[in-house]
Every structure is written in structure tokens, then in C-alpha cells.
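Here is the structure we will look at.
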Amino acid sequence: MRAIVIHPPHVLRVEDIEPGTASPGAGEVLVRMAAGGICGSDLHYYHHGGFGTVRVREPLTLGHEASGHVEAIGTGVTGLKPGDLVAVNPSEPCGDCPSCKRGDLNHCVNMRFNGSAMRFPHVQGLFRDYMRVPAARLFRIDPAVSAAEAALCEPLSVALHAVNQAGDIRGQNVLITGCGPIGVLVAVAAKLAGAARIIGTDMAAHALGIAARLGVDTPINLSETPDGLAPFAADRGQIDTAFECSGNPAALAGALGALKPKGRIVLVGLGGDASLPVNMAVAKELSIVGTFRFASEFAEAARLISSRAIDLSPMVTETYPAERADEAFIHASDKSRATKIALTF
């Protein structure tokens with residue numbers, strides 16, 4: 001069985017790994033993988049061998065955004081049949097730790113998350129031909145939806161959770177700093193949540209073009225207009241809620257300056273430590289909120305994509321067969337011409 005495996009940075013191989021086609025056990029489903037989206041964390045593993053303190057310490061099959069087709073069903077599984085297109089939830093919380101018992105499944109202290117080097121041994125990922133998956137982690141998607149779009153359930157879940165962290169944003173002016181894939185999906189989620197106007201900033205024209213197609217009303221290219229947010233900082237701020245999706249300290253400072261007094265910023269992007277203009281945050285009585293992964297939002301993401309309540313096809317820039325994984329990762333790394341690059345199996 002083929003899998004896309006990272007070794008040291010830039011050593012990406014399509015390898016044969018242990019057979020994954022054994023019959024599924026009770027409550028399991030054998031999934032024949034169809035598509036997988038390359039995420040920012042996959043790119044960090046590819047280019048840098050990890051991010052922050054997380055390091056690849058053994059060969060790691062990448063991938064946590066994926067969809068596939070049901071190949072076989074174990075005993076006790078209902079609601080699925082062979083051939084069904086399914087989105088795969090990569091999260092497997094333990095259910096027993098204090099966080100799980102509080103209902104905070106995304107904060108499980110024993111979380112197993114596919115394609116992650118946070119634990120050792122690592123939790124192997126979804127970029128492979130076949131995988132046995134607990135049925136509870138599979139969500140049926142209408143066959144009219146492409147497999148690459150179905151794989152967007154995972155990042156859409158992240159965006160839905162981020163918008164849920166903001167509270168009620170109906171009728172608000174919303175700012176999104178960083179219009180990469182997550183920023184674009186936050187715009188989609190914010191529009192669904194009733195935001196009146198969405199302003200989006202980025203340094204890349206390609207990213208802003210996709211963002212404008214999927215919910216951003218006012219795109220601002222900061223590489224062309226570095227002071228593009230200045231009008232929104234007038235009179236102590238014009239923005240009700242901001243979502244910082246870039247992980248860039250300068251973007252964080254700009255977003256805080258644009259917020260109204262008593263505004264809220266949701267920190268979505270991971271970019272390491274950054275300076276915080278504490279005096280501004282105090283004087284404006286700003287709320288600063290974090291967001292991490294998702295929980296129940298995965299089911300909502302699958303419903304939205306499957307029902308065609310949203311059409312995310314503009315996000316899929318190109319698909320590559322698994323054997324061209326290196327080429328796909330290089331393309332995905334070029335933000336001037338890529339939003340979401342998908343691998344097919």
C-alpha cells in the first residue's frame with residue numbers, strides 16, 4: 001500500500017507501508033482514500049521538519065485533510081455502504097481525560113490526530129491508499145461533490161470553530177488578516193454567521209482574489225497599499241470582530257488598531273510568540289480569544305459541503321496524483337498561485 005512519507009525536510013517519498021486492506025473490525029470501515037488537501041502544517045513538516053517544539057523524529061505519513069470511498073464495513077456499522085464518499089475526521093479524542101469529560105474534545109490530553117508529530121510514536125496520516133477508520137469519524141458526502149472538496153471538511157471545521165469562538169457576529173464589521181485557506185474559510189463561516197461586511201487583508205493578489213469570490217467584501221492588498229487598514233483605525237476603530245489568521249505579529253498589531261473599543265479578536269494563525277500592545281488592549285477593553293482545532297463542527301462542515309449550502313470548489317487550485325507528491329508540495333508552497341492543492345489516490 002502506498003503512502004506519502006516525510007523523512008528529513010524535503011525528503012518526501014511515496015513508499016510501500018504495511019498492508020492497510022485487512023478486513024475492518026467491529027465498528028470500523030475500510031476506506032479507499034480518494035483525495036487529501038495539503039495543509040500549512042504538512043508544509044512545515046516538508047520544509048522545516050516541524051513547527052515550534054514539534055519535530056519529526058521518525059518517518060511520518062502526512063495528511064489530515066482527506067476523503068475517500070467506503071470499501072468494506074465492519075459489524076455494527078450502519079448508515080454507510082460500499083462506494084459512499086466520506087470525509088474523514090482526523091481527530092480521535094480519548095473520551096476519558098478531564099477535558100473530554102468536560103466536553104472539550106479538541107483539548108483532549110491524549111488526542112490522536114492523524115498526520116501529527118506531536119506524540120511519539122507519531123500518529124500516522126491519511127495520505128495513503130487505504131485506512132481502517134472508526135465509523136464515528138466518517139461523514140457521508142453527496143456523490144455530486146468532488147473528493148477534493150469533501151477533503152475540505154477538516155479546514156472548514158477549524159474555521160467554523162473559530163467563528164463560534166467569536167460569539168454573535170450578526171450585523172458586524174469583520175476583519176480577517178491573512179487570506180490563505182483558513183482565512184478564506186473563516187470568511188465563508190463569518191458570512192454564514194451573519195457578518196454584515198467582511199474586510200480581508202493579505203500580501204498576495206491570488207489569495208485575495210479567491211477570498212473575494214468566497215465572502216470577503218473588501219479585499220486589501222497590503223503589499224500594494226501598506227496603510228490599507230488606516231481608514232478602519234479611525235475614531236479608535238471601525239471593526240467589531242477580527243480574526244487573525246496569518247500568525248504575523250504585524251498583522252496582529254494592525255488588527256488590534258482597527259478594532260472598536262470593546263471589540264474582540266480571535267487568534268487563529270500559529271506563528272510563534274508576538275509582542276502585544278498591552279496599553280491599547282487595556283484602553284480599548286479588547287477581548288482576545290484563542291481557537292484550536294474543532295470538535296462538533298466537523299459534522300456541520302460535512303453537512304454544509306454535502307448539501308451544497310456552500311460551494312468551495314474555487315479553493316481547489318489543482319490536483320496531483322500521489323506519485324507527483326513532491327511537485328504538489330512545491331506548488332502548494334507558492335502562495336502567489338495556490339490556495340488548496342489536493343493529492344489524489
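Chain labels A, B, ... are given in the sequence in which chains occur in the C-alpha cells; within each chain residues are numbered consecutively from 1, and ligands are likewise numbered from 1 in the order shown.
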Selection near stretch 61-64 of chain A, 6 Å with only C-alpha atoms, sequence-local residues under 6 positions removed, as JSON, numbers by chain: {"A": [4, 5, 90, 114, 115, 124, 125, 126, 127]}
Non-local contacts of A:Ala325 (8 Å; only C-alpha atoms; under 4 positions in same chain excluded) as JSON, numbers by chain: {"A": [4, 12, 13, 14, 320, 321, 329, 343]}
Among the residues A:Pro9, A:Thr78, A:Ala35, A:Arg2, the one that comes closest to A:His48 [using only C-alpha atoms]: A:Pro9
Minimum-distance residue to A:Asp240, chosen among A:Val29, A:Leu175, A:Val88, A:Ala328 (using only C-alpha atoms):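 Residue with the minimum atom-to-atom distance to A:Asp240: A:Leu175.
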Test item: residues at most 12 Å from A:Ala144, only C-alpha atoms, excluding those fewer than 5 positions along its chain, as a PyMOL selection string: chain A and resi 84-85+149-150+305-308+311+313
Filtered DSSP result for stretch 102-226 of chain A, state strand (DSSP E or B), as a list in words: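 Output for stretch 102-226 of chain A, strand (DSSP E or B) only: Arg112, Phe113, Ser116, Val123, Arg128, Tyr130, Met131, Arg132, Val133, Pro134, Leu138, Phe139, Arg140, Ile141, Asn173, Val174, Leu175, Ile176, Thr177, Arg197, Ile198, Ile199, Gly200, Thr201, Asp202, Thr218, Pro219, Ile220 and Asn221 of chain A.
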Counting only C-alpha atoms, the option among A:Pro155, A:Gly272, A:Gly257, A:Gly194 closest to A:Ile169: A:Gly194
A:Asn173 surroundings by only C-alpha atoms, 12 Å radius, close-in-sequence under 5 positions cut, as JSON, numbers by chain: {"A": [168, 187, 190, 191, 194, 195, 196, 197, 198, 199, 200, 216, 217, 218, 232, 237, 238, 239, 240, 241, 242, 243, 258, 259, 260, 263, 264]}
Those residues you just picked out, can you put them in a file as a PDB file, in the first residue's frame with C-alpha atoms?
ATOM      1  CA  ASP A 168     -22.670  36.540  17.892  1.00  0.00           C
ATOM      2  CA  ALA A 187     -14.754  34.397   5.668  1.00  0.00           C
ATOM      3  CA  ALA A 190     -18.424  34.510   9.093  1.00  0.00           C
ATOM      4  CA  LYS A 191     -20.773  35.178   6.180  1.00  0.00           C
ATOM      5  CA  GLY A 194     -24.423  36.870   9.549  1.00  0.00           C
ATOM      6  CA  ALA A 195     -21.470  39.263   9.319  1.00  0.00           C
ATOM      7  CA  ALA A 196     -22.566  42.435   7.520  1.00  0.00           C
ATOM      8  CA  ARG A 197     -19.217  43.346   5.963  1.00  0.00           C
ATOM      9  CA  ILE A 198     -16.007  41.358   5.773  1.00  0.00           C
ATOM     10  CA  ILE A 199     -12.661  43.051   5.184  1.00  0.00           C
ATOM     11  CA  GLY A 200      -9.730  40.819   4.272  1.00  0.00           C
ATOM     12  CA  VAL A 216     -14.663  38.945   1.539  1.00  0.00           C
ATOM     13  CA  ASP A 217     -16.409  42.189   0.581  1.00  0.00           C
ATOM     14  CA  THR A 218     -13.370  44.482   0.849  1.00  0.00           C
ATOM     15  CA  PHE A 232     -10.569  51.267   9.715  1.00  0.00           C
ATOM     16  CA  GLY A 237     -11.512  51.705  15.341  1.00  0.00           C
ATOM     17  CA  GLN A 238     -14.238  50.564  12.956  1.00  0.00           C
ATOM     18  CA  ILE A 239     -14.040  46.774  13.315  1.00  0.00           C
ATOM     19  CA  ASP A 240     -16.280  44.801  15.676  1.00  0.00           C
ATOM     20  CA  THR A 241     -14.520  41.425  15.435  1.00  0.00           C
ATOM     21  CA  ALA A 242     -11.179  40.438  13.922  1.00  0.00           C
ATOM     22  CA  PHE A 243      -9.802  37.020  13.033  1.00  0.00           C
ATOM     23  CA  ALA A 258      -8.629  48.612  13.752  1.00  0.00           C
ATOM     24  CA  LEU A 259     -10.853  47.175  16.489  1.00  0.00           C
ATOM     25  CA  LYS A 260     -13.501  49.322  18.126  1.00  0.00           C
ATOM     26  CA  GLY A 263     -14.034  44.695  20.172  1.00  0.00           C
ATOM     27  CA  ARG A 264     -12.865  41.091  20.012  1.00  0.00           C
TER      28      ARG A 264
END
